[in-house]
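K.L.:
What follows is a structure written as structure tokens; I'll ask about it next.
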Amino acid sequence: MIKSSPENITARVKSLAQSLGFLDCRVAKADYLPSEATRLEKWLNQGFHGQMAYMENHFDKRLDPRKLVPGAKSVISLSYNYYPKQQQRTDTYQIAKYAYGEDYHFVIKDLLKELVLKLSEEIGEFEARVFTDSAPVLEKAWAVKSGIGWQGKNANVLTQKTGSFYFLGEIISELELVPDQPVTDHCGTCTACIDACPTQAIVQPSVVDGSKCISYATIELKDAIPSHISRHLNDWIFGCDICQDVCPWNRFSKPHSQQRFEPKAELLEMHKQDWQEITQELFSHIFRKSAVKRTKYTGLIRNIEATRDKDE
């Protein structure tokens, strides 16, 4: 058992996070997020969430982690690298790099649960819940508040050392830990992401109109992709990395070492013709545990046809 002072437990949390392969681990006090309340309400009122009606649910829970974990005192934010060593050929249809391997929801949640288990073995049982892009948690806001990074003009959380190709996860806990401080914004006058977005979805710095976003159109949208988006798909058939690929801070991205994020060889070898002829059976094989399953086989075919229509 380690001495259970906030300082010692905080240090141990960060040490365990590092041993499990997380890029960074920071802490924020579990509290209400008043500035996010205004931003979220405005974003929803402008309809920037498109058909993502679930974003309208649990408004209060999104803003106060204590409504998710009664008695919560700390929000632990963690980042985990997914930048791939090998990437798809450039002359084929593209899927976002985060979806190359196994679905991150399972991988990151497994690691977060392991961290909680290891810590509880050292200090005793404590109340905690783990999240990664799940439940009504404003993970980017907590990452910024804890000092993981700053919110860039493309609305992703950026860091000077590793860019933005990483997943975020949270542990909301009753543990009283030592909070970290936010970091300063280092986007400066750069507008690379805004200028590169083919659908002009970044309507102002740090504000994305989700209904115009290629990622939204190829994953969340259930209807036919509208022409004002389909003609700008640029061969993206699941998600989009354009605003990250052009970000100067991502020149510091280094390949991950997580075996579960490794893509199947078939994915890296596929030409456009292979994608156009993909069967349900091959789709199920290549994307058996992948986040790509979210769009289903029929959705992927829709996306391929939408970008093919543009080509033709």
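Labels for the structure tokens follow display order: chains A, B, ..., residues from 1 in each chain, ligands from 1.
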Which neighbours of Tyr100 (chain A) fall inside 12 Å, counting only C-alpha atoms, when residues of the same chain fewer than 3 positions from it are skipped, and could you give them as a PDB file with N, CA and C atoms, in the first residue's frame?
P.N.:
ATOM      1  N   TYR A  82      -2.209   6.871 -31.797  1.00  0.00           N
ATOM      2  CA  TYR A  82      -2.671   5.911 -32.796  1.00  0.00           C
ATOM      3  C   TYR A  82      -2.039   6.168 -34.165  1.00  0.00           C
ATOM      4  N   TYR A  83      -1.025   7.024 -34.226  1.00  0.00           N
ATOM      5  CA  TYR A  83      -0.424   7.346 -35.527  1.00  0.00           C
ATOM      6  C   TYR A  83       0.233   6.094 -36.111  1.00  0.00           C
ATOM      7  N   PRO A  84      -0.176   5.659 -37.308  1.00  0.00           N
ATOM      8  CA  PRO A  84       0.299   4.375 -37.841  1.00  0.00           C
ATOM      9  C   PRO A  84       1.681   4.465 -38.494  1.00  0.00           C
ATOM     10  N   LYS A  85       2.410   3.368 -38.371  1.00  0.00           N
ATOM     11  CA  LYS A  85       3.724   3.275 -39.020  1.00  0.00           C
ATOM     12  C   LYS A  85       3.548   3.105 -40.520  1.00  0.00           C
ATOM     13  N   GLN A  86       2.597   2.249 -40.903  1.00  0.00           N
ATOM     14  CA  GLN A  86       2.288   2.028 -42.310  1.00  0.00           C
ATOM     15  C   GLN A  86       0.938   2.632 -42.624  1.00  0.00           C
ATOM     16  N   GLN A  87       0.844   3.280 -43.775  1.00  0.00           N
ATOM     17  CA  GLN A  87      -0.407   3.917 -44.156  1.00  0.00           C
ATOM     18  C   GLN A  87      -0.895   3.381 -45.503  1.00  0.00           C
ATOM     19  N   GLN A  88      -2.154   3.641 -45.787  1.00  0.00           N
ATOM     20  CA  GLN A  88      -2.733   3.218 -47.051  1.00  0.00           C
ATOM     21  C   GLN A  88      -1.988   3.851 -48.221  1.00  0.00           C
ATOM     22  N   GLN A  94      -9.746   6.222 -49.002  1.00  0.00           N
ATOM     23  CA  GLN A  94      -9.098   6.400 -47.703  1.00  0.00           C
ATOM     24  C   GLN A  94     -10.074   6.237 -46.538  1.00  0.00           C
ATOM     25  N   ILE A  95      -9.558   5.632 -45.460  1.00  0.00           N
ATOM     26  CA  ILE A  95     -10.282   5.642 -44.196  1.00  0.00           C
ATOM     27  C   ILE A  95      -9.398   6.357 -43.176  1.00  0.00           C
ATOM     28  N   ALA A  96     -10.012   6.982 -42.189  1.00  0.00           N
ATOM     29  CA  ALA A  96      -9.258   7.720 -41.179  1.00  0.00           C
ATOM     30  C   ALA A  96      -8.283   6.788 -40.459  1.00  0.00           C
ATOM     31  N   LYS A  97      -7.127   7.308 -40.140  1.00  0.00           N
ATOM     32  CA  LYS A  97      -6.063   6.492 -39.530  1.00  0.00           C
ATOM     33  C   LYS A  97      -6.504   5.851 -38.212  1.00  0.00           C
ATOM     34  N   ASP A 103     -11.146  -1.429 -32.944  1.00  0.00           N
ATOM     35  CA  ASP A 103     -11.939  -0.307 -32.441  1.00  0.00           C
ATOM     36  C   ASP A 103     -11.351   0.230 -31.135  1.00  0.00           C
ATOM     37  N   TYR A 104     -11.006   1.512 -31.149  1.00  0.00           N
ATOM     38  CA  TYR A 104     -10.349   2.134 -29.995  1.00  0.00           C
ATOM     39  C   TYR A 104     -11.205   2.125 -28.740  1.00  0.00           C
ATOM     40  N   PHE A 238     -14.434   6.747 -45.126  1.00  0.00           N
ATOM     41  CA  PHE A 238     -14.766   6.581 -43.701  1.00  0.00           C
ATOM     42  C   PHE A 238     -13.907   7.555 -42.912  1.00  0.00           C
ATOM     43  N   GLY A 239     -14.556   8.613 -42.411  1.00  0.00           N
ATOM     44  CA  GLY A 239     -13.807   9.620 -41.670  1.00  0.00           C
ATOM     45  C   GLY A 239     -12.975  10.495 -42.597  1.00  0.00           C
ATOM     46  N   GLN A 258       1.082  -0.053 -30.386  1.00  0.00           N
ATOM     47  CA  GLN A 258      -0.044  -0.861 -29.923  1.00  0.00           C
ATOM     48  C   GLN A 258      -0.408  -1.896 -31.003  1.00  0.00           C
ATOM     49  N   GLN A 259      -0.154  -3.151 -30.710  1.00  0.00           N
ATOM     50  CA  GLN A 259      -0.409  -4.224 -31.672  1.00  0.00           C
ATOM     51  C   GLN A 259      -1.870  -4.259 -32.114  1.00  0.00           C
ATOM     52  N   ARG A 260      -2.773  -3.929 -31.215  1.00  0.00           N
ATOM     53  CA  ARG A 260      -4.202  -4.002 -31.540  1.00  0.00           C
ATOM     54  C   ARG A 260      -4.636  -2.929 -32.538  1.00  0.00           C
ATOM     55  N   PHE A 261      -3.799  -1.929 -32.761  1.00  0.00           N
ATOM     56  CA  PHE A 261      -4.114  -0.898 -33.744  1.00  0.00           C
ATOM     57  C   PHE A 261      -3.504  -1.188 -35.122  1.00  0.00           C
ATOM     58  N   GLU A 262      -2.783  -2.301 -35.241  1.00  0.00           N
ATOM     59  CA  GLU A 262      -2.161  -2.632 -36.521  1.00  0.00           C
ATOM     60  C   GLU A 262      -3.237  -3.010 -37.548  1.00  0.00           C
ATOM     61  N   PRO A 263      -3.146  -2.478 -38.765  1.00  0.00           N
ATOM     62  CA  PRO A 263      -4.136  -2.803 -39.796  1.00  0.00           C
ATOM     63  C   PRO A 263      -3.875  -4.168 -40.411  1.00  0.00           C
ATOM     64  N   LYS A 264      -4.910  -4.784 -40.938  1.00  0.00           N
ATOM     65  CA  LYS A 264      -4.725  -6.008 -41.699  1.00  0.00           C
ATOM     66  C   LYS A 264      -3.993  -5.679 -43.004  1.00  0.00           C
ATOM     67  N   ALA A 265      -3.176  -6.601 -43.453  1.00  0.00           N
ATOM     68  CA  ALA A 265      -2.374  -6.377 -44.661  1.00  0.00           C
ATOM     69  C   ALA A 265      -3.255  -6.042 -45.860  1.00  0.00           C
ATOM     70  N   GLU A 266      -4.430  -6.678 -45.929  1.00  0.00           N
ATOM     71  CA  GLU A 266      -5.323  -6.448 -47.063  1.00  0.00           C
ATOM     72  C   GLU A 266      -5.719  -4.976 -47.178  1.00  0.00           C
ATOM     73  N   LEU A 267      -5.911  -4.326 -46.040  1.00  0.00           N
ATOM     74  CA  LEU A 267      -6.323  -2.925 -46.059  1.00  0.00           C
ATOM     75  C   LEU A 267      -5.273  -2.052 -46.744  1.00  0.00           C
ATOM     76  N   LEU A 268      -4.014  -2.287 -46.427  1.00  0.00           N
ATOM     77  CA  LEU A 268      -2.940  -1.467 -46.974  1.00  0.00           C
ATOM     78  C   LEU A 268      -2.708  -1.735 -48.460  1.00  0.00           C
ATOM     79  N   ILE A 286     -11.946  -7.901 -42.954  1.00  0.00           N
ATOM     80  CA  ILE A 286     -10.982  -6.808 -42.761  1.00  0.00           C
ATOM     81  C   ILE A 286     -11.353  -5.946 -41.568  1.00  0.00           C
ATOM     82  N   PHE A 287     -12.635  -5.714 -41.376  1.00  0.00           N
ATOM     83  CA  PHE A 287     -13.078  -4.776 -40.341  1.00  0.00           C
ATOM     84  C   PHE A 287     -13.816  -5.487 -39.197  1.00  0.00           C
ATOM     85  N   ARG A 288     -13.424  -6.731 -38.916  1.00  0.00           N
ATOM     86  CA  ARG A 288     -14.128  -7.543 -37.920  1.00  0.00           C
ATOM     87  C   ARG A 288     -14.234  -6.852 -36.567  1.00  0.00           C
ATOM     88  N   LYS A 289     -13.165  -6.220 -36.113  1.00  0.00           N
ATOM     89  CA  LYS A 289     -13.175  -5.542 -34.816  1.00  0.00           C
ATOM     90  C   LYS A 289     -12.956  -4.036 -34.971  1.00  0.00           C
ATOM     91  N   SER A 290     -13.149  -3.533 -36.159  1.00  0.00           N
ATOM     92  CA  SER A 290     -12.817  -2.141 -36.473  1.00  0.00           C
ATOM     93  C   SER A 290     -13.977  -1.186 -36.227  1.00  0.00           C
ATOM     94  N   ALA A 291     -13.631   0.071 -36.010  1.00  0.00           N
ATOM     95  CA  ALA A 291     -14.654   1.111 -35.889  1.00  0.00           C
ATOM     96  C   ALA A 291     -15.400   1.308 -37.204  1.00  0.00           C
ATOM     97  N   VAL A 292     -14.831   0.835 -38.312  1.00  0.00           N
ATOM     98  CA  VAL A 292     -15.476   0.974 -39.622  1.00  0.00           C
ATOM     99  C   VAL A 292     -16.812   0.243 -39.651  1.00  0.00           C
ATOM    100  N   LYS A 293     -16.974  -0.758 -38.784  1.00  0.00           N
ATOM    101  CA  LYS A 293     -18.241  -1.487 -38.727  1.00  0.00           C
ATOM    102  C   LYS A 293     -19.400  -0.571 -38.356  1.00  0.00           C
TER     103      LYS A 293
END
K.L.:
Enumerate, in order of chain and increasing residue number, the residues of region 150-248 of chain A with an atom no farther than 10 Å from region 20-41 of chain A, each with its shortest atom pair and distance in Å to one decimal, counting only C-alpha atoms, as CSV.
P.N.:
residue,atom,partner,partner_atom,distance
A:Lys161,CA,A:Leu23,CA,10.0
A:Thr162,CA,A:Leu23,CA,8.5
A:Tyr166,CA,A:Leu23,CA,8.3
A:Phe167,CA,A:Phe22,CA,9.6
A:Leu168,CA,A:Phe22,CA,9.7
A:Gly169,CA,A:Cys25,CA,9.5
A:Glu170,CA,A:Cys25,CA,9.4
A:Ile171,CA,A:Val27,CA,9.5
A:Ile172,CA,A:Ala30,CA,7.7
A:Ser173,CA,A:Ala30,CA,8.4
A:Glu174,CA,A:Ala30,CA,9.0
A:Glu176,CA,A:Lys29,CA,8.3
A:Leu177,CA,A:Val27,CA,7.2
A:Val178,CA,A:Val27,CA,6.8
A:Pro179,CA,A:Ala28,CA,4.7
A:Asp180,CA,A:Val27,CA,5.4
A:Gln181,CA,A:Ala28,CA,8.0
A:Pro182,CA,A:Ala28,CA,9.2
A:Val207,CA,A:Arg39,CA,9.3
K.L.:
Got time to write the residues from that selection, N, CA, C and O atoms, as a short mmCIF file (atom, residue, chain, number, x, y, z; two decimals), in the first residue's frame?
P.N.:
data_model
loop_
_atom_site.label_atom_id
_atom_site.label_comp_id
_atom_site.auth_asym_id
_atom_site.auth_seq_id
_atom_site.Cartn_x
_atom_site.Cartn_y
_atom_site.Cartn_z
N LYS A 161 4.47 18.33 -28.63
CA LYS A 161 5.38 17.19 -28.77
C LYS A 161 4.86 16.12 -29.71
O LYS A 161 5.64 15.45 -30.39
N THR A 162 3.54 15.94 -29.75
CA THR A 162 3.00 14.80 -30.50
C THR A 162 1.86 15.14 -31.45
O THR A 162 1.27 14.25 -32.05
N TYR A 166 -4.05 11.15 -31.51
CA TYR A 166 -4.18 10.32 -30.32
C TYR A 166 -5.63 10.30 -29.85
O TYR A 166 -6.41 11.21 -30.14
N PHE A 167 -5.97 9.21 -29.17
CA PHE A 167 -7.29 9.09 -28.56
C PHE A 167 -7.26 9.72 -27.18
O PHE A 167 -6.20 9.80 -26.54
N LEU A 168 -8.43 10.14 -26.72
CA LEU A 168 -8.57 10.65 -25.37
C LEU A 168 -9.40 9.67 -24.54
O LEU A 168 -10.31 9.03 -25.05
N GLY A 169 -9.06 9.56 -23.28
CA GLY A 169 -9.83 8.74 -22.35
C GLY A 169 -9.93 9.47 -21.02
O GLY A 169 -9.09 10.34 -20.73
N GLU A 170 -10.92 9.12 -20.24
CA GLU A 170 -11.12 9.78 -18.94
C GLU A 170 -11.42 8.76 -17.86
O GLU A 170 -12.09 7.75 -18.10
N ILE A 171 -10.94 9.06 -16.67
CA ILE A 171 -11.35 8.34 -15.47
C ILE A 171 -11.95 9.38 -14.53
O ILE A 171 -11.24 10.30 -14.08
N ILE A 172 -13.23 9.28 -14.28
CA ILE A 172 -13.89 10.19 -13.34
C ILE A 172 -13.95 9.46 -12.01
O ILE A 172 -14.50 8.36 -11.91
N SER A 173 -13.36 10.07 -10.99
CA SER A 173 -13.12 9.33 -9.75
C SER A 173 -13.42 10.17 -8.51
O SER A 173 -13.36 11.40 -8.53
N GLU A 174 -13.69 9.46 -7.42
CA GLU A 174 -13.88 10.10 -6.12
C GLU A 174 -12.55 10.47 -5.47
O GLU A 174 -12.53 11.13 -4.43
N GLU A 176 -9.30 12.36 -4.48
CA GLU A 176 -8.88 13.76 -4.49
C GLU A 176 -7.42 13.80 -4.95
O GLU A 176 -6.52 13.36 -4.24
N LEU A 177 -7.22 14.33 -6.14
CA LEU A 177 -5.89 14.37 -6.74
C LEU A 177 -5.43 15.80 -6.93
O LEU A 177 -6.21 16.75 -6.76
N VAL A 178 -4.17 15.97 -7.30
CA VAL A 178 -3.60 17.31 -7.49
C VAL A 178 -3.84 17.74 -8.93
O VAL A 178 -3.31 17.11 -9.87
N PRO A 179 -4.62 18.81 -9.15
CA PRO A 179 -4.92 19.24 -10.53
C PRO A 179 -3.70 19.80 -11.24
O PRO A 179 -2.81 20.39 -10.63
N ASP A 180 -3.67 19.61 -12.56
CA ASP A 180 -2.65 20.22 -13.40
C ASP A 180 -3.19 21.53 -13.98
O ASP A 180 -4.39 21.82 -13.87
N GLN A 181 -2.32 22.27 -14.63
CA GLN A 181 -2.71 23.55 -15.21
C GLN A 181 -2.84 23.44 -16.72
O GLN A 181 -2.12 22.68 -17.36
N PRO A 182 -3.75 24.20 -17.32
CA PRO A 182 -3.87 24.22 -18.78
C PRO A 182 -2.58 24.73 -19.42
O PRO A 182 -1.79 25.43 -18.77
N VAL A 207 -14.41 25.93 -34.07
CA VAL A 207 -15.83 25.62 -34.23
C VAL A 207 -16.06 24.89 -35.55
O VAL A 207 -15.79 25.44 -36.62
#
K.L.:
Might you pull out every residue within 9 Å of His271 (chain A), with only C-alpha atoms counted and same-chain residues fewer than 3 positions away left off, and present them as a PDB file with all heavy atoms, in the first residue's frame?
P.N.:
ATOM      1  N   ARG A  89      -2.080   3.217 -49.371  1.00  0.00           N
ATOM      2  CA  ARG A  89      -1.563   3.821 -50.589  1.00  0.00           C
ATOM      3  C   ARG A  89      -2.310   5.136 -50.835  1.00  0.00           C
ATOM      4  O   ARG A  89      -3.457   5.284 -50.420  1.00  0.00           O
ATOM      5  CB  ARG A  89      -1.743   2.910 -51.811  1.00  0.00           C
ATOM      6  CG  ARG A  89      -2.345   1.608 -51.578  1.00  0.00           C
ATOM      7  CD  ARG A  89      -2.693   0.792 -52.802  1.00  0.00           C
ATOM      8  NE  ARG A  89      -2.215   1.293 -54.053  1.00  0.00           N
ATOM      9  CZ  ARG A  89      -1.212   0.750 -54.746  1.00  0.00           C
ATOM     10  NH1 ARG A  89      -0.598  -0.311 -54.282  1.00  0.00           N
ATOM     11  NH2 ARG A  89      -0.820   1.246 -55.886  1.00  0.00           N
ATOM     12  N   ASP A  91      -3.202   6.339 -53.718  1.00  0.00           N
ATOM     13  CA  ASP A  91      -4.029   6.317 -54.928  1.00  0.00           C
ATOM     14  C   ASP A  91      -5.266   5.442 -54.765  1.00  0.00           C
ATOM     15  O   ASP A  91      -5.733   4.829 -55.722  1.00  0.00           O
ATOM     16  CB  ASP A  91      -3.203   5.842 -56.127  1.00  0.00           C
ATOM     17  CG  ASP A  91      -2.634   4.444 -55.921  1.00  0.00           C
ATOM     18  OD1 ASP A  91      -2.710   3.932 -54.785  1.00  0.00           O
ATOM     19  OD2 ASP A  91      -2.099   3.866 -56.897  1.00  0.00           O
ATOM     20  N   THR A  92      -5.780   5.375 -53.547  1.00  0.00           N
ATOM     21  CA  THR A  92      -6.958   4.549 -53.307  1.00  0.00           C
ATOM     22  C   THR A  92      -7.927   5.275 -52.387  1.00  0.00           C
ATOM     23  O   THR A  92      -7.649   6.386 -51.921  1.00  0.00           O
ATOM     24  CB  THR A  92      -6.536   3.190 -52.697  1.00  0.00           C
ATOM     25  OG1 THR A  92      -7.653   2.295 -52.747  1.00  0.00           O
ATOM     26  CG2 THR A  92      -6.088   3.338 -51.240  1.00  0.00           C
ATOM     27  N   TYR A  93      -9.078   4.654 -52.118  1.00  0.00           N
ATOM     28  CA  TYR A  93     -10.032   5.247 -51.182  1.00  0.00           C
ATOM     29  C   TYR A  93      -9.446   5.197 -49.770  1.00  0.00           C
ATOM     30  O   TYR A  93      -8.753   4.253 -49.400  1.00  0.00           O
ATOM     31  CB  TYR A  93     -11.353   4.493 -51.225  1.00  0.00           C
ATOM     32  CG  TYR A  93     -12.033   4.558 -52.578  1.00  0.00           C
ATOM     33  CD1 TYR A  93     -12.315   3.400 -53.294  1.00  0.00           C
ATOM     34  CD2 TYR A  93     -12.380   5.784 -53.142  1.00  0.00           C
ATOM     35  CE1 TYR A  93     -12.931   3.466 -54.536  1.00  0.00           C
ATOM     36  CE2 TYR A  93     -12.989   5.862 -54.380  1.00  0.00           C
ATOM     37  CZ  TYR A  93     -13.265   4.692 -55.077  1.00  0.00           C
ATOM     38  OH  TYR A  93     -13.864   4.761 -56.313  1.00  0.00           O
ATOM     39  N   LEU A 268      -4.014  -2.287 -46.427  1.00  0.00           N
ATOM     40  CA  LEU A 268      -2.940  -1.467 -46.974  1.00  0.00           C
ATOM     41  C   LEU A 268      -2.708  -1.735 -48.460  1.00  0.00           C
ATOM     42  O   LEU A 268      -2.155  -0.890 -49.168  1.00  0.00           O
ATOM     43  CB  LEU A 268      -1.640  -1.719 -46.193  1.00  0.00           C
ATOM     44  CG  LEU A 268      -1.703  -1.433 -44.685  1.00  0.00           C
ATOM     45  CD1 LEU A 268      -0.351  -1.716 -44.054  1.00  0.00           C
ATOM     46  CD2 LEU A 268      -2.128   0.006 -44.417  1.00  0.00           C
ATOM     47  N   ASP A 274     -10.431  -2.826 -55.935  1.00  0.00           N
ATOM     48  CA  ASP A 274     -10.712  -3.768 -54.844  1.00  0.00           C
ATOM     49  C   ASP A 274     -11.828  -3.243 -53.947  1.00  0.00           C
ATOM     50  O   ASP A 274     -12.710  -4.001 -53.520  1.00  0.00           O
ATOM     51  CB  ASP A 274      -9.442  -4.002 -54.007  1.00  0.00           C
ATOM     52  CG  ASP A 274      -8.305  -4.583 -54.816  1.00  0.00           C
ATOM     53  OD1 ASP A 274      -8.563  -5.476 -55.636  1.00  0.00           O
ATOM     54  OD2 ASP A 274      -7.161  -4.129 -54.645  1.00  0.00           O
ATOM     55  N   TRP A 275     -11.777  -1.957 -53.648  1.00  0.00           N
ATOM     56  CA  TRP A 275     -12.810  -1.351 -52.812  1.00  0.00           C
ATOM     57  C   TRP A 275     -14.172  -1.427 -53.521  1.00  0.00           C
ATOM     58  O   TRP A 275     -15.195  -1.734 -52.907  1.00  0.00           O
ATOM     59  CB  TRP A 275     -12.477   0.105 -52.518  1.00  0.00           C
ATOM     60  CG  TRP A 275     -11.437   0.328 -51.465  1.00  0.00           C
ATOM     61  CD1 TRP A 275     -10.150   0.735 -51.650  1.00  0.00           C
ATOM     62  CD2 TRP A 275     -11.597   0.153 -50.052  1.00  0.00           C
ATOM     63  NE1 TRP A 275      -9.488   0.831 -50.451  1.00  0.00           N
ATOM     64  CE2 TRP A 275     -10.357   0.481 -49.445  1.00  0.00           C
ATOM     65  CE3 TRP A 275     -12.661  -0.236 -49.239  1.00  0.00           C
ATOM     66  CZ2 TRP A 275     -10.154   0.436 -48.066  1.00  0.00           C
ATOM     67  CZ3 TRP A 275     -12.471  -0.282 -47.860  1.00  0.00           C
ATOM     68  CH2 TRP A 275     -11.223   0.042 -47.291  1.00  0.00           C
ATOM     69  N   GLN A 276     -14.164  -1.134 -54.818  1.00  0.00           N
ATOM     70  CA  GLN A 276     -15.419  -1.119 -55.568  1.00  0.00           C
ATOM     71  C   GLN A 276     -16.052  -2.502 -55.663  1.00  0.00           C
ATOM     72  O   GLN A 276     -17.264  -2.630 -55.846  1.00  0.00           O
ATOM     73  CB  GLN A 276     -15.166  -0.540 -56.963  1.00  0.00           C
ATOM     74  CG  GLN A 276     -14.819   0.942 -56.932  1.00  0.00           C
ATOM     75  CD  GLN A 276     -14.230   1.440 -58.239  1.00  0.00           C
ATOM     76  OE1 GLN A 276     -14.212   0.726 -59.246  1.00  0.00           O
ATOM     77  NE2 GLN A 276     -13.728   2.675 -58.254  1.00  0.00           N
TER      78      GLN A 276
END
K.L.:
Please tabulate, as JSON lines, the residues of region 124-148 of chain A that come within 10 Å of region 154-159 of chain A, each with its closest pair of atoms and the distance in Å to one decimal, counting only C-alpha atoms and ordering rows by chain, then residue number upward.
P.N.:
{"residue": "A:Glu139", "atom": "CA", "partner": "A:Val157", "partner_atom": "CA", "distance": 9.7}
{"residue": "A:Lys140", "atom": "CA", "partner": "A:Val157", "partner_atom": "CA", "distance": 6.4}
{"residue": "A:Ala141", "atom": "CA", "partner": "A:Val157", "partner_atom": "CA", "distance": 8.9}
{"residue": "A:Ala143", "atom": "CA", "partner": "A:Val157", "partner_atom": "CA", "distance": 7.3}
{"residue": "A:Val144", "atom": "CA", "partner": "A:Val157", "partner_atom": "CA", "distance": 7.1}
{"residue": "A:Gly147", "atom": "CA", "partner": "A:Thr159", "partner_atom": "CA", "distance": 9.4}
{"residue": "A:Ile148", "atom": "CA", "partner": "A:Thr159", "partner_atom": "CA", "distance": 7.2}
K.L.:
DSSP says strand (DSSP E or B) for which residues of region 130-310 of chain A? Put them as number ranges by chain?
P.N.:
A: 130-131, 150-151, 157-159, 163, 166-173, 202-204, 207-208, 236-238
K.L.:
Write out as a VMD selection string all residues of region 232-262 of chain A that backbone DSSP assigns to alpha helix (DSSP H).
P.N.:
chain A and resid 242 to 245
K.L.:
Here is a test: counting only C-alpha atoms, which residue of A:Asp64, A:Glu281, A:Glu305, A:Asp241 is nearest to Phe165 (chain A)?
P.N.:
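So, comparing all the options, the nearest one is A:Asp241.
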K.L.:
Please identify all polymer residues within 7 Å of region 46-54 of chain A, counting only C-alpha atoms, omitting same-chain residues fewer than 5 positions from it, and present them as a ChimeraX atom specification.
P.N.:
/A:209-211,221
